[in-house]
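Peer 1: My structure is stored as run17.cif, with mmCIF, C-alpha atoms and all ligand atoms.
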data_model
loop_
_atom_site.group_PDB
_atom_site.id
_atom_site.type_symbol
_atom_site.label_atom_id
_atom_site.label_comp_id
_atom_site.auth_asym_id
_atom_site.auth_seq_id
_atom_site.Cartn_x
_atom_site.Cartn_y
_atom_site.Cartn_z
ATOM 1 C CA MET A 88 163.580 109.595 77.313
ATOM 2 C CA LYS A 89 162.962 112.651 79.427
ATOM 3 C CA LYS A 90 159.933 113.608 77.385
ATOM 4 C CA SER A 91 158.267 110.236 77.775
ATOM 5 C CA PHE A 92 158.848 110.410 81.530
ATOM 6 C CA LEU A 93 157.084 113.746 81.606
ATOM 7 C CA VAL A 94 154.140 112.336 79.632
ATOM 8 C CA PHE A 95 153.992 109.443 82.065
ATOM 9 C CA GLY A 96 153.958 111.804 85.037
ATOM 10 C CA PHE A 97 151.236 113.875 83.470
ATOM 11 C CA CYS A 98 149.125 110.780 82.931
ATOM 12 C CA VAL A 99 149.548 109.736 86.552
ATOM 13 C CA LEU A 100 148.438 113.201 87.607
ATOM 14 C CA ILE A 101 145.339 113.111 85.420
ATOM 15 C CA VAL A 102 144.389 109.635 86.608
ATOM 16 C CA SER A 103 144.713 110.678 90.238
ATOM 17 C CA VAL A 104 142.646 113.822 89.651
ATOM 18 C CA PHE A 105 139.928 111.718 88.039
ATOM 19 C CA ALA A 106 140.090 109.264 90.899
ATOM 20 C CA GLN A 107 139.619 112.126 93.368
ATOM 21 C CA ASP A 108 136.644 113.378 91.364
ATOM 22 C CA ARG A 109 135.126 109.943 91.337
ATOM 23 C CA GLU A 110 135.559 109.642 95.070
ATOM 24 C CA GLN A 111 133.870 112.982 95.642
ATOM 25 C CA ALA A 112 131.031 112.045 93.325
ATOM 26 C CA GLU A 113 130.624 108.774 95.165
ATOM 27 C CA GLN A 114 130.561 110.544 98.514
ATOM 28 C CA PHE A 115 128.018 113.018 97.213
ATOM 29 C CA ARG A 116 125.854 110.175 95.944
ATOM 30 C CA LEU A 117 126.043 108.392 99.309
ATOM 31 C CA GLN A 118 125.081 111.546 101.176
ATOM 32 C CA ALA A 119 122.121 112.125 98.888
ATOM 33 C CA GLU A 120 121.035 108.534 99.440
ATOM 34 C CA GLN A 121 121.330 108.928 103.209
ATOM 35 C CA ARG A 122 119.220 112.078 103.100
ATOM 36 C CA LYS A 123 116.590 110.313 101.015
ATOM 37 C CA ARG A 124 116.557 107.365 103.406
ATOM 38 C CA ALA A 125 116.218 109.681 106.414
ATOM 39 C CA ALA A 126 113.239 111.382 104.753
ATOM 40 C CA ILE A 127 111.636 108.006 104.067
ATOM 41 C CA MET A 128 112.217 106.896 107.664
ATOM 42 C CA GLN A 129 110.315 110.019 108.765
ATOM 43 C CA VAL A 130 107.388 108.871 106.638
ATOM 44 C CA LEU A 131 107.653 105.487 108.362
ATOM 45 C CA ASP A 132 107.535 107.219 111.764
ATOM 46 C CA SER A 133 104.394 109.095 110.764
ATOM 47 C CA ALA A 134 102.856 105.836 109.528
ATOM 48 C CA VAL A 135 103.494 104.254 112.928
ATOM 49 C CA ARG A 136 101.867 107.249 114.649
ATOM 50 C CA PHE A 137 98.779 106.940 112.414
ATOM 51 C CA MET A 138 98.585 103.239 113.219
ATOM 52 C CA GLU A 139 98.867 103.881 116.954
ATOM 53 C CA ASN A 140 96.014 106.397 116.650
ATOM 54 C CA GLY A 141 93.853 103.822 114.902
ATOM 55 C CA GLU A 142 94.024 105.606 111.530
ATOM 56 C CA TYR A 143 94.873 102.451 109.646
ATOM 57 C CA ALA A 144 93.957 103.590 106.138
ATOM 58 C CA LYS A 145 96.248 106.629 106.459
ATOM 59 C CA ALA A 146 98.980 104.462 107.923
ATOM 60 C CA ASP A 147 98.568 102.075 104.983
ATOM 61 C CA THR A 148 99.121 104.848 102.420
ATOM 62 C CA LYS A 149 102.334 105.905 104.175
ATOM 63 C CA LEU A 150 103.603 102.351 104.606
ATOM 64 C CA VAL A 151 103.001 101.515 100.943
ATOM 65 C CA TYR A 152 104.859 104.711 100.010
ATOM 66 C CA VAL A 153 107.831 103.633 102.123
ATOM 67 C CA LEU A 154 107.739 100.101 100.657
ATOM 68 C CA ASN A 155 107.854 101.535 97.156
ATOM 69 C CA ASN A 156 110.644 103.987 97.895
ATOM 70 C CA VAL A 157 113.229 102.056 99.869
ATOM 71 C CA LYS A 158 115.942 100.074 98.145
ATOM 72 C CA SER A 159 115.662 97.317 100.705
ATOM 73 C CA VAL A 160 112.806 96.935 103.157
ATOM 74 C CA PRO A 161 113.858 97.362 106.814
ATOM 75 C CA SER A 162 112.721 94.477 109.018
ATOM 76 C CA ASP A 163 110.683 96.811 111.271
ATOM 77 C CA LEU A 164 108.636 97.800 108.241
ATOM 78 C CA THR A 165 107.689 94.175 107.607
ATOM 79 C CA PHE A 166 106.273 94.103 111.159
ATOM 80 C CA TYR A 167 104.431 97.420 110.925
ATOM 81 C CA PHE A 168 102.936 96.582 107.540
ATOM 82 C CA GLY A 169 101.854 93.151 108.767
ATOM 83 C CA LYS A 170 100.273 94.663 111.884
ATOM 84 C CA ASN A 171 98.474 97.452 110.033
ATOM 85 C CA SER A 172 97.213 94.991 107.406
ATOM 86 C CA PHE A 173 95.627 93.001 110.232
ATOM 87 C CA TYR A 174 93.672 96.039 111.409
ATOM 88 C CA LEU A 175 92.557 96.662 107.823
ATOM 89 C CA GLU A 176 91.297 93.053 107.818
ATOM 90 C CA LYS A 177 93.698 92.159 105.021
ATOM 91 C CA TYR A 178 94.501 88.949 106.839
ATOM 92 C CA LYS A 179 96.408 87.123 104.119
ATOM 93 C CA GLN A 180 98.657 90.134 103.578
ATOM 94 C CA SER A 181 99.090 90.423 107.335
ATOM 95 C CA VAL A 182 100.142 86.774 107.696
ATOM 96 C CA ASP A 183 102.591 87.175 104.817
ATOM 97 C CA TRP A 184 104.407 90.213 106.252
ATOM 98 C CA LEU A 185 104.388 89.070 109.874
ATOM 99 C CA ASN A 186 105.900 85.757 108.815
ATOM 100 C CA LYS A 187 108.562 87.707 106.937
ATOM 101 C CA TYR A 188 109.342 89.684 110.090
ATOM 102 C CA ILE A 189 109.640 86.535 112.199
ATOM 103 C CA GLN A 190 111.837 84.895 109.556
ATOM 104 C CA LEU A 191 114.077 87.958 109.489
ATOM 105 C CA LYS A 192 114.396 88.628 113.208
ATOM 106 C CA GLY A 193 113.723 85.260 114.800
ATOM 107 C CA THR A 194 112.642 85.041 118.419
ATOM 108 C CA SER A 195 114.962 87.873 119.458
ATOM 109 C CA GLY A 196 113.140 90.511 117.406
ATOM 110 C CA GLN A 197 111.911 93.579 119.288
ATOM 111 C CA PHE A 198 108.320 92.901 118.177
ATOM 112 C CA TYR A 199 108.473 89.101 118.276
ATOM 113 C CA GLU A 200 105.790 88.551 120.948
ATOM 114 C CA GLU A 201 103.415 91.065 119.401
ATOM 115 C CA ALA A 202 104.047 89.672 115.922
ATOM 116 C CA ILE A 203 103.196 86.136 117.056
ATOM 117 C CA GLY A 204 100.001 87.332 118.755
ATOM 118 C CA ILE A 205 98.759 89.247 115.725
ATOM 119 C CA LEU A 206 99.858 86.460 113.381
ATOM 120 C CA ARG A 207 97.612 83.954 115.182
ATOM 121 C CA LYS A 208 94.620 86.276 114.925
ATOM 122 C CA ALA A 209 95.379 87.021 111.274
ATOM 123 C CA GLU A 210 95.565 83.289 110.523
ATOM 124 C CA ASP A 211 92.130 82.869 112.137
ATOM 125 C CA GLY A 212 90.923 85.724 109.945
ATOM 126 C CA VAL A 213 92.225 83.988 106.822
ATOM 127 C CA LEU A 214 90.385 80.781 107.760
ATOM 128 C CA LYS A 215 87.147 82.650 108.498
ATOM 129 C CA ALA A 216 87.324 84.597 105.247
ATOM 130 C CA ARG A 217 87.921 81.354 103.369
ATOM 131 C CA ALA A 218 84.909 79.719 105.081
ATOM 132 C CA GLN A 219 82.737 82.722 104.225
ATOM 133 C CA GLU A 220 83.801 82.567 100.592
ATOM 134 C CA ALA A 221 83.023 78.860 100.488
ATOM 135 C CA ALA A 222 79.575 79.501 102.023
ATOM 136 C CA LYS A 223 78.922 82.219 99.467
ATOM 137 C CA ALA A 224 79.829 79.893 96.610
ATOM 138 C CA GLU A 225 77.464 77.256 97.994
ATOM 139 C CA GLN A 226 74.503 79.599 98.255
ATOM 140 C CA VAL A 227 71.680 78.117 96.238
ATOM 141 C CA LEU A 228 68.650 80.250 95.632
ATOM 142 C CA SER A 229 65.163 78.790 95.491
ATOM 143 C CA ASN A 230 63.997 80.956 92.615
ATOM 144 C CA ALA A 231 66.232 79.007 90.254
ATOM 145 C CA TYR A 232 64.046 75.913 90.831
ATOM 146 C CA ASP A 233 60.489 74.831 90.186
ATOM 147 C CA ILE A 234 58.885 74.246 93.565
ATOM 148 C CA ASP A 235 56.556 71.304 93.980
ATOM 149 C CA CYS A 236 53.471 72.677 95.747
ATOM 150 C CA GLY A 237 52.225 69.307 96.962
ATOM 151 C CA PRO A 238 49.186 67.204 95.986
ATOM 152 C CA SER A 239 46.643 70.054 96.181
ATOM 153 C CA GLY A 240 48.611 71.921 93.540
ATOM 154 C CA LYS A 241 47.653 75.138 95.276
ATOM 155 C CA VAL A 242 49.479 77.620 97.446
ATOM 156 C CA VAL A 243 48.098 80.329 99.716
ATOM 157 C CA CYS A 244 48.822 83.612 97.925
ATOM 158 C CA PRO A 245 51.907 85.239 99.510
ATOM 159 C CA VAL A 246 50.895 88.697 98.275
ATOM 160 C CA CYS A 247 47.618 88.986 100.207
ATOM 161 C CA LYS A 248 48.332 86.094 102.544
ATOM 162 C CA GLY A 249 45.164 84.421 101.309
ATOM 163 C CA THR A 250 42.836 87.294 102.233
ATOM 164 C CA THR A 251 42.309 88.293 98.560
ATOM 165 C CA VAL A 252 42.618 91.874 99.723
ATOM 166 C CA VAL A 253 45.654 94.087 99.521
ATOM 167 C CA ILE A 254 45.773 97.141 101.745
ATOM 168 C CA LYS A 255 47.553 100.175 100.396
ATOM 169 C CA LYS A 256 48.502 102.588 103.129
ATOM 170 C CA GLY A 257 47.392 106.131 102.294
ATOM 171 C CA TYR A 258 48.074 109.479 103.975
ATOM 172 C CA ILE A 259 44.489 109.798 105.178
ATOM 173 C CA ASN A 260 42.713 106.546 104.422
ATOM 174 C CA ASP A 261 43.984 103.105 103.661
ATOM 175 C CA GLN A 262 42.885 101.757 100.288
ATOM 176 C CA TYR A 263 41.564 98.253 99.966
ATOM 177 C CA GLN A 264 42.115 96.494 96.671
ATOM 178 C CA THR A 265 41.311 93.045 95.406
ATOM 179 C CA CYS A 266 44.520 91.056 95.119
ATOM 180 C CA GLN A 267 45.634 91.031 91.512
ATOM 181 C CA TYR A 268 47.371 87.686 91.695
ATOM 182 C CA CYS A 269 45.230 84.990 93.302
ATOM 183 C CA ASP A 270 41.796 83.450 92.750
ATOM 184 C CA LYS A 271 38.719 84.398 94.826
ATOM 185 C CA HIS A 272 39.788 81.973 97.554
ATOM 186 C CA GLY A 273 43.194 83.556 97.982
ATOM 187 C CA ASN A 274 45.052 80.723 96.286
ATOM 188 C CA LEU A 275 47.589 80.463 93.505
ATOM 189 C CA THR A 276 48.089 77.480 91.246
ATOM 190 C CA CYS A 277 51.502 75.931 91.569
ATOM 191 C CA GLU A 278 52.457 77.318 88.181
ATOM 192 C CA GLU A 279 51.410 80.832 89.225
ATOM 193 C CA TYR A 280 53.268 80.488 92.511
ATOM 194 C CA ASN A 281 56.512 79.555 90.771
ATOM 195 C CA ALA A 282 56.067 82.404 88.317
ATOM 196 C CA LEU A 283 55.455 84.792 91.241
ATOM 197 C CA ILE A 284 58.654 83.899 93.108
ATOM 198 C CA ARG A 285 60.600 84.379 89.876
ATOM 199 C CA GLY A 286 58.956 87.780 89.483
ATOM 200 C CA GLU A 287 57.246 86.648 86.283
ATOM 201 C CA LEU A 288 53.594 86.580 87.355
ATOM 202 C CA LYS A 289 51.641 89.444 85.815
ATOM 203 C CA PRO A 290 48.813 91.117 87.783
ATOM 204 C CA LYS A 291 45.406 90.248 86.337
ATOM 205 C CA ASN A 292 43.837 93.633 85.654
ATOM 206 C CA GLN A 293 46.855 95.632 84.616
HETATM 207 ZN ZN ZN B 1 46.341 87.181 96.667
#
What does the file become when written as structure tokens?
Peer 2:
Amino acid sequence: MKKSFLVFGFCVLIVSVFAQDREQAEQFRLQAEQRKRAAIMQVLDSAVRFMENGEYAKADTKLVYVLNNVKSVPSDLTFYFGKNSFYLEKYKQSVDWLNKYIQLKGTSGQFYEEAIGILRKAEDGVLKARAQEAAKAEQVLSNAYDIDCGPSGKVVCPVCKGTTVVIKKGYINDQYQTCQYCDKHGNLTCEEYNALIRGELKPKNQ
């Protein structure tokens, strides 16, 4: 009876010692985490300074580092990243992060006014970029088509501008050469003209 009581007491002691150890370990872990977070917040501060000095690419590197090294992204960071993205002309990214900031902080956020202002400009940027992309996709180049040269079937030679003479600028004297593409009247047939604009017309004497 006495012996089992002793064993019980010993167990209680061991459990409490372990509990103390665990607590200390936990505290140590928390402190380490706090130190790490403080170091990361310093990087964030330096990112903000770079941004304020107009060094947006440098600021971007720092901000991305912070994003990838914090457990949870502080709301201020969503604002700074959105703002810096705007200056880097990454408008879609800017809109995304600024919206996040406004969602997180509402109208009472420290940067609310500024966020709204930049957000509007970033949204304009997104629309413009989209329009530019659409214009690019619609670009149709003439050299993919056969051009109808009209009833005469002839075109004034674009190489010599119909003069039949090509002037090659020299150091001392200019050299005059007969145009290698057109006939003696300075004209091209329609077929030749189409070949020329596709870069397929061969010079006559070469
Ligand atoms: Zn010519």
Peer 1: Could you give me, as a ChimeraX atom specification, every polymer residue with an atom at most 12 Å away from an atom of ligand ZN 1 (chain B), counting all atoms listed in the file?
Peer 2: /A:242-254,264-276,279-280,283,288,290-291
Peer 1: Can you tell me how far atom CA of A:Glu220 sits from atom CA of A:Asp147, in Å to one decimal?
Peer 2: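 A separation of 24.9 Å between them.
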Peer 1: Would you compute the distance between atom CA of A:Val157 and atom CA of A:Ala119? Give it in Å to one decimal.
Peer 2: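 We find that atom CA of A:Val157 and atom CA of A:Ala119 lie 13.5 Å from each other.
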Peer 1: Quick one: apply the PyMOL selection byres (((chain A and resi 212) around 12) and not hetatm) to the file and drop the selected residues here as a ChimeraX atom specification.
Peer 2: /A:172-182,205-211,213-219
Peer 1: Suppose you want the space between atom CA of A:Met138 and atom CA of A:Gly204; what is it in Å?
Peer 2: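 About the pair atom CA of A:Met138 and atom CA of A:Gly204: they are 16.9 Å apart.
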Peer 1: Hey, can I get the axis-aligned box for stretch 155-172 of chain A? All listed atoms, 4 Å padding on each side, centre and edge lengths in Å to one decimal, as lines of an AutoDock Vina configuration file.
Peer 2:
center_x = 106.6
center_y = 98.6
center_z = 104.5
size_x = 26.7
size_y = 18.8
size_z = 22.7
Peer 1: Dig up all the protein and nucleic acid residues within 12 Å of (109.6, 97.0, 110.4) in the file frame, using all atoms listed in the file, and format them as a PyMOL selection string.
Peer 2: chain A and resi 128+131-132+134-135+150+153-154+159-171+184-189+191-192+196-199+202
Peer 1: Could you save those same residues with C-alpha atoms as a compact mmCIF listing (two decimals), keeping the file's coordinate frame?
Peer 2:
# COMPACT_ATOMS: atom_id res chain seq x y z
CA MET A 128 112.22 106.90 107.66
CA LEU A 131 107.65 105.49 108.36
CA ASP A 132 107.54 107.22 111.76
CA ALA A 134 102.86 105.84 109.53
CA VAL A 135 103.49 104.25 112.93
CA LEU A 150 103.60 102.35 104.61
CA VAL A 153 107.83 103.63 102.12
CA LEU A 154 107.74 100.10 100.66
CA SER A 159 115.66 97.32 100.70
CA VAL A 160 112.81 96.94 103.16
CA PRO A 161 113.86 97.36 106.81
CA SER A 162 112.72 94.48 109.02
CA ASP A 163 110.68 96.81 111.27
CA LEU A 164 108.64 97.80 108.24
CA THR A 165 107.69 94.18 107.61
CA PHE A 166 106.27 94.10 111.16
CA TYR A 167 104.43 97.42 110.92
CA PHE A 168 102.94 96.58 107.54
CA GLY A 169 101.85 93.15 108.77
CA LYS A 170 100.27 94.66 111.88
CA ASN A 171 98.47 97.45 110.03
CA TRP A 184 104.41 90.21 106.25
CA LEU A 185 104.39 89.07 109.87
CA ASN A 186 105.90 85.76 108.82
CA LYS A 187 108.56 87.71 106.94
CA TYR A 188 109.34 89.68 110.09
CA ILE A 189 109.64 86.54 112.20
CA LEU A 191 114.08 87.96 109.49
CA LYS A 192 114.40 88.63 113.21
CA GLY A 196 113.14 90.51 117.41
CA GLN A 197 111.91 93.58 119.29
CA PHE A 198 108.32 92.90 118.18
CA TYR A 199 108.47 89.10 118.28
CA ALA A 202 104.05 89.67 115.92
Peer 1: For A:Ala126, which residue out of A:Gln190, A:Gln114, A:Asn156, A:Thr148 is the nearest one, using all atoms listed in the file?
Peer 2: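 The closest residue to A:Ala126 is A:Asn156.
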Peer 1: Step by step: start from the point (58.8, 75.9, 91.7) in the file's coordinates, keep every protein, DNA or RNA residue that has an atom no farther than 9 Å from it, count only C-alpha atoms, and write the set as a ChimeraX atom specification.
Peer 2: /A:229-236,277-278,280-282,284-285
Peer 1: Quick one: stretch 157-256 of chain A from the block, C-alpha atoms, as an mmCIF file, in the first residue's frame.
Peer 2:
data_model
loop_
_atom_site.group_PDB
_atom_site.id
_atom_site.type_symbol
_atom_site.label_atom_id
_atom_site.label_comp_id
_atom_site.auth_asym_id
_atom_site.auth_seq_id
_atom_site.Cartn_x
_atom_site.Cartn_y
_atom_site.Cartn_z
ATOM 1 C CA VAL A 157 5.663 35.236 -42.746
ATOM 2 C CA LYS A 158 3.196 32.717 -41.393
ATOM 3 C CA SER A 159 0.327 35.097 -41.979
ATOM 4 C CA VAL A 160 0.519 38.221 -44.103
ATOM 5 C CA PRO A 161 0.047 41.459 -42.111
ATOM 6 C CA SER A 162 -2.617 43.728 -43.605
ATOM 7 C CA ASP A 163 -0.112 46.586 -44.095
ATOM 8 C CA LEU A 164 1.910 44.306 -46.344
ATOM 9 C CA THR A 165 -1.089 43.761 -48.612
ATOM 10 C CA PHE A 166 -1.228 47.557 -49.056
ATOM 11 C CA TYR A 167 2.500 48.030 -49.633
ATOM 12 C CA PHE A 168 2.688 45.155 -52.102
ATOM 13 C CA GLY A 169 -0.361 46.442 -53.971
ATOM 14 C CA LYS A 170 1.101 49.955 -54.122
ATOM 15 C CA ASN A 171 4.557 48.836 -55.236
ATOM 16 C CA SER A 172 3.040 46.532 -57.870
ATOM 17 C CA PHE A 173 1.267 49.573 -59.310
ATOM 18 C CA TYR A 174 4.562 51.415 -59.742
ATOM 19 C CA LEU A 175 6.027 48.322 -61.409
ATOM 20 C CA GLU A 176 3.049 48.468 -63.802
ATOM 21 C CA LYS A 177 1.858 45.067 -62.616
ATOM 22 C CA TYR A 178 -1.671 46.408 -62.557
ATOM 23 C CA LYS A 179 -3.589 43.167 -62.123
ATOM 24 C CA GLN A 180 -1.406 42.189 -59.175
ATOM 25 C CA SER A 181 -1.825 45.687 -57.769
ATOM 26 C CA VAL A 182 -5.630 45.537 -57.991
ATOM 27 C CA ASP A 183 -5.612 42.117 -56.333
ATOM 28 C CA TRP A 184 -3.556 43.155 -53.287
ATOM 29 C CA LEU A 185 -5.151 46.570 -52.819
ATOM 30 C CA ASN A 186 -8.580 44.949 -52.854
ATOM 31 C CA LYS A 187 -7.326 42.516 -50.224
ATOM 32 C CA TYR A 188 -6.187 45.431 -48.066
ATOM 33 C CA ILE A 189 -9.540 47.196 -48.373
ATOM 34 C CA GLN A 190 -11.387 43.957 -47.592
ATOM 35 C CA LEU A 191 -9.222 43.440 -44.518
ATOM 36 C CA LYS A 192 -9.242 46.954 -43.093
ATOM 37 C CA GLY A 193 -12.416 48.480 -44.482
ATOM 38 C CA THR A 194 -12.808 52.240 -44.657
ATOM 39 C CA SER A 195 -11.048 52.747 -41.322
ATOM 40 C CA GLY A 196 -7.696 51.433 -42.558
ATOM 41 C CA GLN A 197 -4.707 53.751 -42.151
ATOM 42 C CA PHE A 198 -4.035 53.648 -45.911
ATOM 43 C CA TYR A 199 -7.658 53.490 -47.063
ATOM 44 C CA GLU A 200 -7.711 56.769 -49.035
ATOM 45 C CA GLU A 201 -4.373 56.087 -50.692
ATOM 46 C CA ALA A 202 -5.368 52.498 -51.448
ATOM 47 C CA ILE A 203 -8.575 53.626 -53.168
ATOM 48 C CA GLY A 204 -6.687 56.211 -55.236
ATOM 49 C CA ILE A 205 -4.053 53.758 -56.435
ATOM 50 C CA LEU A 206 -6.669 51.050 -56.975
ATOM 51 C CA ARG A 207 -8.565 53.263 -59.438
ATOM 52 C CA LYS A 208 -5.399 53.979 -61.408
ATOM 53 C CA ALA A 209 -4.408 50.309 -61.351
ATOM 54 C CA GLU A 210 -7.852 49.329 -62.657
ATOM 55 C CA ASP A 211 -7.388 51.810 -65.522
ATOM 56 C CA GLY A 212 -4.008 50.204 -66.160
ATOM 57 C CA VAL A 213 -5.590 46.750 -66.341
ATOM 58 C CA LEU A 214 -8.145 47.984 -68.890
ATOM 59 C CA LYS A 215 -5.471 49.697 -70.998
ATOM 60 C CA ALA A 216 -3.228 46.640 -70.955
ATOM 61 C CA ARG A 217 -6.179 44.493 -71.993
ATOM 62 C CA ALA A 218 -7.003 46.882 -74.872
ATOM 63 C CA GLN A 219 -3.373 46.833 -76.008
ATOM 64 C CA GLU A 220 -3.323 43.045 -75.982
ATOM 65 C CA ALA A 221 -6.532 42.956 -77.995
ATOM 66 C CA ALA A 222 -5.059 45.424 -80.524
ATOM 67 C CA LYS A 223 -1.930 43.306 -80.797
ATOM 68 C CA ALA A 224 -3.978 40.185 -81.474
ATOM 69 C CA GLU A 225 -5.897 42.024 -84.194
ATOM 70 C CA GLN A 226 -2.799 43.229 -86.002
ATOM 71 C CA VAL A 227 -2.991 42.000 -89.564
ATOM 72 C CA LEU A 228 0.060 42.381 -91.717
ATOM 73 C CA SER A 229 -0.176 43.137 -95.417
ATOM 74 C CA ASN A 230 2.646 40.825 -96.423
ATOM 75 C CA ALA A 231 0.456 37.830 -95.647
ATOM 76 C CA TYR A 232 -1.831 38.820 -98.559
ATOM 77 C CA ASP A 233 -1.616 39.132 -102.313
ATOM 78 C CA ILE A 234 -2.150 42.787 -103.147
ATOM 79 C CA ASP A 235 -4.224 43.671 -106.175
ATOM 80 C CA CYS A 236 -2.215 46.300 -108.065
ATOM 81 C CA GLY A 237 -5.152 47.625 -110.066
ATOM 82 C CA PRO A 238 -6.011 47.419 -113.785
ATOM 83 C CA SER A 239 -2.561 48.473 -115.054
ATOM 84 C CA GLY A 240 -1.051 45.496 -113.268
ATOM 85 C CA LYS A 241 2.012 47.606 -112.599
ATOM 86 C CA VAL A 242 3.436 49.316 -109.558
ATOM 87 C CA VAL A 243 6.080 52.028 -109.319
ATOM 88 C CA CYS A 244 9.186 50.292 -107.962
ATOM 89 C CA PRO A 245 9.495 51.042 -104.218
ATOM 90 C CA VAL A 246 13.237 50.332 -104.237
ATOM 91 C CA CYS A 247 14.267 53.113 -106.637
ATOM 92 C CA LYS A 248 10.989 54.994 -106.423
ATOM 93 C CA GLY A 249 10.612 54.600 -110.173
ATOM 94 C CA THR A 250 13.909 56.295 -111.063
ATOM 95 C CA THR A 251 15.551 52.975 -112.088
ATOM 96 C CA VAL A 252 18.636 54.203 -110.285
ATOM 97 C CA VAL A 253 19.771 53.286 -106.817
ATOM 98 C CA ILE A 254 22.266 55.555 -105.111
ATOM 99 C CA LYS A 255 24.738 53.934 -102.776
ATOM 100 C CA LYS A 256 26.295 56.425 -100.416
#
